[in-house]
file structure.pdb (PDB, C-alpha atoms, pLDDT in the B column)
ATOM      1  CA  MET A   1      41.510  18.413 106.951  1.00 82.00           C
ATOM      2  CA  THR A   2      40.208  18.153 103.394  1.00 93.00           C
ATOM      3  CA  LEU A   3      38.887  21.030 101.318  1.00 94.00           C
ATOM      4  CA  PHE A   4      37.050  20.480  98.061  1.00 94.00           C
ATOM      5  CA  ARG A   5      34.668  22.311  95.751  1.00 96.00           C
ATOM      6  CA  THR A   6      31.079  21.033  95.743  1.00 96.00           C
ATOM      7  CA  VAL A   7      29.575  23.472  93.219  1.00 96.00           C
ATOM      8  CA  GLU A   8      31.551  24.852  90.284  1.00 96.00           C
ATOM      9  CA  PRO A   9      31.273  28.536  89.344  1.00 96.00           C
ATOM     10  CA  ALA A  10      28.442  29.314  86.912  1.00 96.00           C
ATOM     11  CA  ALA A  11      30.627  31.629  84.790  1.00 96.00           C
ATOM     12  CA  GLU A  12      34.251  32.497  84.153  1.00 97.00           C
ATOM     13  CA  PRO A  13      35.844  35.785  85.265  1.00 97.00           C
ATOM     14  CA  VAL A  14      37.106  36.389  81.728  1.00 97.00           C
ATOM     15  CA  SER A  15      34.681  35.952  78.834  1.00 96.00           C
ATOM     16  CA  LEU A  16      35.553  34.304  75.544  1.00 97.00           C
ATOM     17  CA  VAL A  17      35.145  37.707  73.851  1.00 96.00           C
ATOM     18  CA  GLU A  18      37.615  39.331  76.281  1.00 96.00           C
ATOM     19  CA  ALA A  19      40.108  36.502  75.829  1.00 96.00           C
ATOM     20  CA  LYS A  20      39.900  36.627  72.033  1.00 96.00           C
ATOM     21  CA  ALA A  21      40.366  40.411  72.104  1.00 96.00           C
ATOM     22  CA  HIS A  22      43.450  39.972  74.315  1.00 96.00           C
ATOM     23  CA  LEU A  23      44.827  37.359  71.916  1.00 95.00           C
ATOM     24  CA  ARG A  24      43.801  39.444  68.866  1.00 95.00           C
ATOM     25  CA  ILE A  25      41.840  36.560  67.377  1.00 95.00           C
ATOM     26  CA  ALA A  26      38.867  37.292  65.109  1.00 95.00           C
ATOM     27  CA  HIS A  27      37.925  33.752  64.007  1.00 95.00           C
ATOM     28  CA  ASP A  28      35.878  31.138  65.867  1.00 94.00           C
ATOM     29  CA  SER A  29      37.853  28.013  64.976  1.00 93.00           C
ATOM     30  CA  GLU A  30      39.749  27.897  68.297  1.00 91.00           C
ATOM     31  CA  ASP A  31      36.933  28.877  70.650  1.00 93.00           C
ATOM     32  CA  GLY A  32      37.022  25.471  72.365  1.00 93.00           C
ATOM     33  CA  LEU A  33      40.761  25.727  73.005  1.00 92.00           C
ATOM     34  CA  ILE A  34      40.493  29.295  74.273  1.00 93.00           C
ATOM     35  CA  SER A  35      37.568  28.411  76.568  1.00 94.00           C
ATOM     36  CA  GLY A  36      39.645  25.584  78.023  1.00 93.00           C
ATOM     37  CA  LEU A  37      42.582  27.946  78.561  1.00 93.00           C
ATOM     38  CA  ILE A  38      40.305  30.420  80.351  1.00 95.00           C
ATOM     39  CA  ARG A  39      39.088  27.676  82.707  1.00 95.00           C
ATOM     40  CA  ALA A  40      42.639  26.392  83.299  1.00 92.00           C
ATOM     41  CA  ALA A  41      43.944  29.913  83.982  1.00 94.00           C
ATOM     42  CA  ARG A  42      41.133  30.537  86.489  1.00 96.00           C
ATOM     43  CA  GLU A  43      41.876  27.263  88.249  1.00 94.00           C
ATOM     44  CA  GLU A  44      45.588  28.108  88.404  1.00 92.00           C
ATOM     45  CA  VAL A  45      44.955  31.591  89.827  1.00 94.00           C
ATOM     46  CA  GLU A  46      42.513  30.150  92.372  1.00 94.00           C
ATOM     47  CA  ARG A  47      44.979  27.424  93.379  1.00 92.00           C
ATOM     48  CA  VAL A  48      47.954  29.744  93.784  1.00 91.00           C
ATOM     49  CA  ALA A  49      46.040  32.513  95.571  1.00 91.00           C
ATOM     50  CA  GLY A  50      43.797  30.221  97.654  1.00 90.00           C
ATOM     51  CA  MET A  51      40.778  32.069  96.321  1.00 94.00           C
ATOM     52  CA  ALA A  52      37.479  31.536  94.613  1.00 96.00           C
ATOM     53  CA  LEU A  53      37.084  34.143  91.886  1.00 97.00           C
ATOM     54  CA  ILE A  54      33.438  33.527  90.933  1.00 97.00           C
ATOM     55  CA  ASP A  55      30.845  32.351  93.502  1.00 97.00           C
ATOM     56  CA  GLN A  56      31.141  28.623  94.197  1.00 97.00           C
ATOM     57  CA  ALA A  57      30.472  26.225  97.069  1.00 98.00           C
ATOM     58  CA  TRP A  58      33.144  24.459  99.117  1.00 97.00           C
ATOM     59  CA  ARG A  59      33.245  21.809 101.834  1.00 97.00           C
ATOM     60  CA  LEU A  60      35.837  21.598 104.586  1.00 97.00           C
ATOM     61  CA  VAL A  61      35.993  18.167 106.240  1.00 97.00           C
ATOM     62  CA  LEU A  62      37.649  17.778 109.648  1.00 96.00           C
ATOM     63  CA  ASP A  63      38.387  14.838 111.925  1.00 95.00           C
ATOM     64  CA  ARG A  64      38.138  16.965 115.089  1.00 95.00           C
ATOM     65  CA  TRP A  65      37.714  20.593 116.121  1.00 94.00           C
ATOM     66  CA  PRO A  66      40.858  22.707 116.300  1.00 92.00           C
ATOM     67  CA  LEU A  67      41.974  23.883 119.728  1.00 87.00           C
ATOM     68  CA  GLY A  68      40.303  27.142 120.679  1.00 83.00           C
ATOM     69  CA  GLY A  69      37.296  26.539 118.448  1.00 84.00           C
ATOM     70  CA  ILE A  70      38.518  28.691 115.529  1.00 94.00           C
ATOM     71  CA  VAL A  71      38.280  26.970 112.138  1.00 95.00           C
ATOM     72  CA  LEU A  72      40.214  28.549 109.255  1.00 95.00           C
ATOM     73  CA  LEU A  73      38.321  28.456 105.953  1.00 95.00           C
ATOM     74  CA  ARG A  74      41.184  28.424 103.471  1.00 90.00           C
ATOM     75  CA  ARG A  75      39.333  29.585 100.381  1.00 92.00           C
ATOM     76  CA  THR A  76      38.697  33.325 100.206  1.00 92.00           C
ATOM     77  CA  PRO A  77      36.668  35.501 100.025  1.00 95.00           C
ATOM     78  CA  VAL A  78      34.068  33.607 102.069  1.00 96.00           C
ATOM     79  CA  ARG A  79      30.548  34.913 101.485  1.00 96.00           C
ATOM     80  CA  GLU A  80      28.604  32.759 103.968  1.00 96.00           C
ATOM     81  CA  VAL A  81      28.640  29.541 105.930  1.00 96.00           C
ATOM     82  CA  LEU A  82      25.905  27.314 104.525  1.00 97.00           C
ATOM     83  CA  SER A  83      25.983  24.590 107.185  1.00 96.00           C
ATOM     84  CA  VAL A  84      28.068  22.983 109.900  1.00 96.00           C
ATOM     85  CA  THR A  85      27.383  19.259 110.257  1.00 96.00           C
ATOM     86  CA  VAL A  86      28.667  16.849 112.919  1.00 95.00           C
ATOM     87  CA  PHE A  87      28.328  13.069 112.519  1.00 95.00           C
ATOM     88  CA  ASP A  88      27.815  10.680 115.430  1.00 92.00           C
ATOM     89  CA  GLY A  89      29.336   7.196 115.737  1.00 90.00           C
ATOM     90  CA  ASP A  90      26.569   5.682 113.584  1.00 89.00           C
ATOM     91  CA  GLY A  91      27.041   8.273 110.838  1.00 88.00           C
ATOM     92  CA  ALA A  92      23.879  10.209 111.680  1.00 92.00           C
ATOM     93  CA  ALA A  93      24.216  13.906 110.874  1.00 94.00           C
ATOM     94  CA  THR A  94      23.409  16.804 113.183  1.00 92.00           C
ATOM     95  CA  VAL A  95      23.352  20.254 111.580  1.00 94.00           C
ATOM     96  CA  LEU A  96      24.344  22.984 114.011  1.00 94.00           C
ATOM     97  CA  ALA A  97      22.071  26.014 114.252  1.00 92.00           C
ATOM     98  CA  PRO A  98      23.404  29.159 112.522  1.00 92.00           C
ATOM     99  CA  GLU A  99      23.393  31.041 115.824  1.00 91.00           C
ATOM    100  CA  ASP A 100      25.890  28.488 117.215  1.00 90.00           C
ATOM    101  CA  HIS A 101      28.720  29.808 115.047  1.00 92.00           C
ATOM    102  CA  GLN A 102      30.134  33.172 114.026  1.00 94.00           C
ATOM    103  CA  LEU A 103      31.877  33.924 110.720  1.00 96.00           C
ATOM    104  CA  ASP A 104      34.719  36.414 110.418  1.00 95.00           C
ATOM    105  CA  ALA A 105      34.763  36.887 106.640  1.00 94.00           C
ATOM    106  CA  VAL A 106      36.965  39.992 106.875  1.00 93.00           C
ATOM    107  CA  SER A 107      40.067  38.041 107.931  1.00 91.00           C
ATOM    108  CA  SER A 108      42.166  36.152 105.432  1.00 87.00           C
ATOM    109  CA  PRO A 109      41.738  33.270 105.723  1.00 90.00           C
ATOM    110  CA  ALA A 110      38.198  33.636 107.013  1.00 94.00           C
ATOM    111  CA  ARG A 111      37.587  32.309 110.501  1.00 96.00           C
ATOM    112  CA  LEU A 112      34.659  30.402 111.894  1.00 96.00           C
ATOM    113  CA  HIS A 113      34.201  30.465 115.665  1.00 95.00           C
ATOM    114  CA  LEU A 114      32.105  27.899 117.497  1.00 91.00           C
ATOM    115  CA  GLU A 115      31.475  28.401 121.192  1.00 84.00           C
ATOM    116  CA  GLU A 116      29.981  24.920 121.630  1.00 87.00           C
ATOM    117  CA  ARG A 117      31.718  22.180 119.673  1.00 90.00           C
ATOM    118  CA  PRO A 118      29.902  18.840 119.821  1.00 91.00           C
ATOM    119  CA  ALA A 119      32.401  16.003 119.558  1.00 92.00           C
ATOM    120  CA  PRO A 120      32.135  13.979 116.360  1.00 94.00           C
ATOM    121  CA  GLY A 121      31.456  10.279 116.843  1.00 91.00           C
ATOM    122  CA  LEU A 122      33.486   9.260 113.797  1.00 90.00           C
ATOM    123  CA  ALA A 123      37.257   9.037 114.099  1.00 90.00           C
ATOM    124  CA  LEU A 124      37.684  10.304 110.537  1.00 93.00           C
ATOM    125  CA  ASN A 125      35.752  13.016 108.671  1.00 94.00           C
ATOM    126  CA  GLY A 126      33.234  13.593 111.447  1.00 94.00           C
ATOM    127  CA  ILE A 127      32.769  17.313 110.754  1.00 96.00           C
ATOM    128  CA  GLU A 128      31.673  18.996 107.511  1.00 97.00           C
ATOM    129  CA  ILE A 129      31.547  22.752 106.993  1.00 97.00           C
ATOM    130  CA  ASP A 130      29.856  23.913 103.790  1.00 97.00           C
ATOM    131  CA  PHE A 131      30.437  27.492 102.701  1.00 97.00           C
ATOM    132  CA  SER A 132      30.261  29.718  99.656  1.00 97.00           C
ATOM    133  CA  ALA A 133      33.198  31.766  98.443  1.00 97.00           C
ATOM    134  CA  GLY A 134      33.878  34.149  95.586  1.00 97.00           C
ATOM    135  CA  PHE A 135      33.910  37.824  94.665  1.00 97.00           C
ATOM    136  CA  GLY A 136      30.468  37.598  93.044  1.00 96.00           C
ATOM    137  CA  GLU A 137      28.432  35.947  90.307  1.00 96.00           C
ATOM    138  CA  ALA A 138      29.979  37.765  87.327  1.00 95.00           C
ATOM    139  CA  GLY A 139      33.412  38.558  85.945  1.00 94.00           C
ATOM    140  CA  THR A 140      32.805  42.230  86.663  1.00 95.00           C
ATOM    141  CA  ASP A 141      32.937  41.405  90.402  1.00 97.00           C
ATOM    142  CA  VAL A 142      36.495  39.998  90.166  1.00 97.00           C
ATOM    143  CA  PRO A 143      39.413  42.408  90.770  1.00 96.00           C
ATOM    144  CA  ASP A 144      40.998  43.533  87.510  1.00 95.00           C
ATOM    145  CA  LEU A 145      44.518  42.456  88.511  1.00 94.00           C
ATOM    146  CA  LEU A 146      43.368  38.858  88.959  1.00 96.00           C
ATOM    147  CA  LYS A 147      41.632  38.926  85.575  1.00 96.00           C
ATOM    148  CA  ARG A 148      44.777  40.429  84.022  1.00 96.00           C
ATOM    149  CA  ALA A 149      46.860  37.636  85.574  1.00 95.00           C
ATOM    150  CA  MET A 150      44.487  35.113  83.991  1.00 96.00           C
ATOM    151  CA  LEU A 151      44.806  36.782  80.574  1.00 97.00           C
ATOM    152  CA  ILE A 152      48.614  36.829  80.731  1.00 95.00           C
ATOM    153  CA  LEU A 153      48.758  33.177  81.735  1.00 93.00           C
ATOM    154  CA  MET A 154      46.198  32.153  79.140  1.00 93.00           C
ATOM    155  CA  ALA A 155      48.025  34.049  76.364  1.00 93.00           C
ATOM    156  CA  HIS A 156      51.323  32.452  77.358  1.00 91.00           C
ATOM    157  CA  TRP A 157      49.826  28.973  77.203  1.00 88.00           C
ATOM    158  CA  TYR A 158      48.152  29.776  73.882  1.00 90.00           C
ATOM    159  CA  GLU A 159      51.444  31.011  72.400  1.00 86.00           C
ATOM    160  CA  PHE A 160      53.349  27.869  73.368  1.00 80.00           C
ATOM    161  CA  ARG A 161      50.607  25.317  72.663  1.00 75.00           C
ATOM    162  CA  GLY A 162      52.250  23.945  69.516  1.00 67.00           C
ATOM    163  CA  ALA A 163      55.884  24.027  70.620  1.00 60.00           C
ATOM    164  CA  PHE A 164      55.444  21.414  73.317  1.00 56.00           C
ATOM    165  CA  GLY A 165      53.164  18.401  73.662  1.00 51.00           C
ATOM    166  CA  ALA A 166      50.422  18.008  76.224  1.00 49.00           C
ATOM    167  CA  ASP A 167      52.781  16.066  78.502  1.00 54.00           C
ATOM    168  CA  GLY A 168      55.179  19.047  78.549  1.00 55.00           C
ATOM    169  CA  GLN A 169      52.575  21.585  79.687  1.00 52.00           C
ATOM    170  CA  PRO A 170      52.621  24.017  81.234  1.00 56.00           C
ATOM    171  CA  VAL A 171      55.847  25.068  79.542  1.00 61.00           C
ATOM    172  CA  SER A 172      56.500  27.864  82.000  1.00 74.00           C
ATOM    173  CA  ILE A 173      54.853  30.551  84.038  1.00 83.00           C
ATOM    174  CA  PRO A 174      55.487  34.109  82.778  1.00 87.00           C
ATOM    175  CA  ASP A 175      57.134  36.621  85.109  1.00 88.00           C
ATOM    176  CA  GLU A 176      54.335  39.149  84.533  1.00 90.00           C
ATOM    177  CA  TYR A 177      51.856  36.622  85.898  1.00 91.00           C
ATOM    178  CA  ARG A 178      54.049  35.973  88.943  1.00 90.00           C
ATOM    179  CA  ARG A 179      54.251  39.704  89.682  1.00 91.00           C
ATOM    180  CA  LEU A 180      50.498  40.233  89.419  1.00 90.00           C
ATOM    181  CA  ILE A 181      49.563  37.234  91.524  1.00 91.00           C
ATOM    182  CA  ALA A 182      52.230  37.822  94.226  1.00 89.00           C
ATOM    183  CA  ALA A 183      50.105  40.344  96.126  1.00 84.00           C
ATOM    184  CA  TRP A 184      47.173  37.916  96.256  1.00 84.00           C
ATOM    185  CA  ARG A 185      49.082  34.882  97.474  1.00 78.00           C
ATOM    186  CA  GLY A 186      48.177  33.892 100.980  1.00 61.00           C
ATOM    187  CA  PRO A 187      50.759  33.035 103.609  1.00 54.00           C
ATOM    188  CA  ARG A 188      52.242  29.572 103.228  1.00 51.00           C
ATOM    189  CA  LEU A 189      52.330  27.261 106.213  1.00 45.00           C
TER
END

call {"tool": "encode", "arguments": {"input": "structure.pdb", "output": "structure tokens"}}
result
Amino acid sequence: MTLFRTVEPAAEPVSLVEAKAHLRIAHDSEDGLISGLIRAAREEVERVAGMALIDQAWRLVLDRWPLGGIVLLRRTPVREVLSVTVFDGDGAATVLAPEDHQLDAVSSPARLHLEERPAPGLALNGIEIDFSAGFGEAGTDVPDLLKRAMLILMAHWYEFRGAFGADGQPVSIPDEYRRLIAAWRGPRL
């Protein structure tokens, strides 16, 4: 099973203006650094929580169907399944009809049920499931606690940027961040 992002989010949950206000910075000379910290903080929150904060597209690649026909989509919240593709032995793709599968986006992780599961002809990576995940298109759609966790993490990294070199980053993870993100962490297998 391999899960990877196919389309990056079009925006960040925290704007440059919000980040600079949090850091109490009025000048523009470090906008590039702060923008990079925003992106890194989002990626860290998404990685730890198993979430997509802003709408983005993902692909889950499987070798075979799981027993029982329930596929767990381990990036939440899932908005929709875009396609389910099965490859035959020659690599030819067959896209399953949308009525052949049912999405349970309420569960965490989201579940995809397939009543009929055509066997892939490839021994490896014979099934691809494309789906979109995220709270919405804008930062205002993201829960405030997740945005606050990003701001705390970003501010911590900004504060310690000069004390340690790039090879020593991240220096640490602040306890406030750990507390905020704890409720959003999915179960670990």

call {"tool": "residues_near_point", "arguments": {"input": "structure.pdb", "point": "(42.3, 27.5, 104.3)", "cutoff": "10 Å", "atoms": "all atoms listed in the file", "output": "JSON, numbers by chain"}}
result
{"A": [1, 2, 3, 50, 51, 60, 71, 72, 73, 74, 75, 76, 108, 109, 110, 111, 186]}

call {"tool": "atom_distance", "arguments": {"input": "structure.pdb", "atom1": "CA of Glu128 in chain A", "atom2": "CA of Ser83 in chain A"}}
result
8.0 Å

call {"tool": "closest_residue", "arguments": {"input": "structure.pdb", "among": "A:Asn125, A:Thr85, A:Ser107, A:Thr94", "to": "Leu62 in chain A", "atoms": "all atoms listed in the file"}}
result
A:Asn125

call {"tool": "atom_distance", "arguments": {"input": "structure.pdb", "atom1": "CA of Arg59 in chain A", "atom2": "CA of Ala105 in chain A"}}
result
15.9 Å

call {"tool": "atom_distance", "arguments": {"input": "structure.pdb", "atom1": "CA of Gly134 in chain A", "atom2": "CA of Ala21 in chain A"}}
result
25.2 Å

call {"tool": "residues_around", "arguments": {"input": "structure.pdb", "residues": "Lys20 in chain A", "least_positions_apart": "4", "cutoff": "10 Å", "atoms": "only C-alpha atoms", "output": "ChimeraX atom specification"}}
result
/A:15-16,24-28,30-31,34-35,151,155

call {"tool": "closest_residue", "arguments": {"input": "structure.pdb", "among": "A:Val7, A:Leu122, A:Ile129, A:Val14", "to": "Leu146 in chain A", "atoms": "all atoms listed in the file"}}
result
A:Val14

call {"tool": "resolve_selection", "arguments": {"input": "structure.pdb", "expression": "the PyMOL selection byres ((chain A and resi 182) around 12)", "output": "PyMOL selection string"}}
result
chain A and resi 45+48-50+145-146+149+175-181+183-187

call {"tool": "closest_residue", "arguments": {"input": "structure.pdb", "among": "A:Ser29, A:Arg39, A:Val142, A:Gly121", "to": "Asp90 in chain A", "atoms": "all atoms listed in the file"}}
result
A:Gly121

call {"tool": "residues_around", "arguments": {"input": "structure.pdb", "residues": "Ile70 in chain A", "least_positions_apart": "2", "cutoff": "8 Å", "atoms": "only C-alpha atoms", "output": "PyMOL selection string"}}
result
chain A and resi 66-68+72+111-114

call {"tool": "residues_near_point", "arguments": {"input": "structure.pdb", "point": "(40.7, 33.1, 80.5)", "cutoff": "6 Å", "atoms": "all atoms listed in the file", "output": "count of residues only"}}
result
8

call {"tool": "decode", "arguments": {"input": "structure.pdb", "residues": "range 74-96 of chain A", "atoms": "N, CA and C atoms", "output": "mmCIF file, in the first residue's frame"}}
result
data_model
loop_
_atom_site.group_PDB
_atom_site.id
_atom_site.type_symbol
_atom_site.label_atom_id
_atom_site.label_comp_id
_atom_site.auth_asym_id
_atom_site.auth_seq_id
_atom_site.Cartn_x
_atom_site.Cartn_y
_atom_site.Cartn_z
ATOM 1 N N ARG A 74 -6.429 6.500 4.289
ATOM 2 C CA ARG A 74 -5.744 7.041 5.464
ATOM 3 C C ARG A 74 -5.286 8.489 5.318
ATOM 4 N N ARG A 75 -6.127 9.303 4.770
ATOM 5 C CA ARG A 75 -5.890 10.752 4.733
ATOM 6 C C ARG A 75 -7.265 11.380 4.891
ATOM 7 N N THR A 76 -7.513 12.037 6.000
ATOM 8 C CA THR A 76 -8.837 12.575 6.288
ATOM 9 C C THR A 76 -8.827 14.095 6.243
ATOM 10 N N PRO A 77 -9.952 14.748 6.160
ATOM 11 C CA PRO A 77 -11.271 14.231 5.819
ATOM 12 C C PRO A 77 -11.403 14.018 4.307
ATOM 13 N N VAL A 78 -11.907 12.857 3.916
ATOM 14 C CA VAL A 78 -12.098 12.547 2.502
ATOM 15 C C VAL A 78 -13.351 13.257 2.014
ATOM 16 N N ARG A 79 -13.236 13.953 0.899
ATOM 17 C CA ARG A 79 -14.374 14.683 0.333
ATOM 18 C C ARG A 79 -15.091 13.840 -0.723
ATOM 19 N N GLU A 80 -14.315 13.169 -1.592
ATOM 20 C CA GLU A 80 -14.931 12.310 -2.607
ATOM 21 C C GLU A 80 -13.888 11.371 -3.205
ATOM 22 N N VAL A 81 -14.383 10.262 -3.718
ATOM 23 C CA VAL A 81 -13.540 9.340 -4.465
ATOM 24 C C VAL A 81 -13.631 9.773 -5.921
ATOM 25 N N LEU A 82 -12.492 10.067 -6.516
ATOM 26 C CA LEU A 82 -12.453 10.545 -7.897
ATOM 27 C C LEU A 82 -12.484 9.392 -8.898
ATOM 28 N N SER A 83 -11.740 8.323 -8.594
ATOM 29 C CA SER A 83 -11.755 7.154 -9.484
ATOM 30 C C SER A 83 -11.138 5.954 -8.780
ATOM 31 N N VAL A 84 -11.575 4.789 -9.213
ATOM 32 C CA VAL A 84 -10.986 3.517 -8.787
ATOM 33 C C VAL A 84 -10.588 2.803 -10.073
ATOM 34 N N THR A 85 -9.283 2.539 -10.211
ATOM 35 C CA THR A 85 -8.747 1.964 -11.439
ATOM 36 C C THR A 85 -8.069 0.635 -11.141
ATOM 37 N N VAL A 86 -8.357 -0.374 -11.970
ATOM 38 C CA VAL A 86 -7.729 -1.689 -11.850
ATOM 39 C C VAL A 86 -6.989 -1.954 -13.160
ATOM 40 N N PHE A 87 -5.747 -2.446 -13.031
ATOM 41 C CA PHE A 87 -4.910 -2.722 -14.206
ATOM 42 C C PHE A 87 -4.855 -4.218 -14.463
ATOM 43 N N ASP A 88 -4.967 -4.592 -15.760
ATOM 44 C CA ASP A 88 -4.855 -6.010 -16.111
ATOM 45 C C ASP A 88 -3.381 -6.379 -16.284
ATOM 46 N N GLY A 89 -3.124 -7.624 -16.667
ATOM 47 C CA GLY A 89 -1.758 -8.127 -16.796
ATOM 48 C C GLY A 89 -0.912 -7.390 -17.817
ATOM 49 N N ASP A 90 -1.554 -6.748 -18.801
ATOM 50 C CA ASP A 90 -0.832 -5.987 -19.819
ATOM 51 C C ASP A 90 -0.675 -4.517 -19.436
ATOM 52 N N GLY A 91 -1.223 -4.140 -18.281
ATOM 53 C CA GLY A 91 -1.137 -2.748 -17.845
ATOM 54 C C GLY A 91 -2.273 -1.875 -18.332
ATOM 55 N N ALA A 92 -3.272 -2.477 -18.980
ATOM 56 C CA ALA A 92 -4.427 -1.710 -19.443
ATOM 57 C C ALA A 92 -5.327 -1.381 -18.253
ATOM 58 N N ALA A 93 -5.790 -0.143 -18.206
ATOM 59 C CA ALA A 93 -6.580 0.332 -17.070
ATOM 60 C C ALA A 93 -8.071 0.169 -17.315
ATOM 61 N N THR A 94 -8.779 -0.234 -16.261
ATOM 62 C CA THR A 94 -10.235 -0.265 -16.256
ATOM 63 C C THR A 94 -10.700 0.577 -15.082
ATOM 64 N N VAL A 95 -11.461 1.629 -15.361
ATOM 65 C CA VAL A 95 -11.987 2.493 -14.306
ATOM 66 C C VAL A 95 -13.345 1.943 -13.899
ATOM 67 N N LEU A 96 -13.493 1.682 -12.599
ATOM 68 C CA LEU A 96 -14.756 1.153 -12.096
ATOM 69 C C LEU A 96 -15.805 2.260 -12.069
#
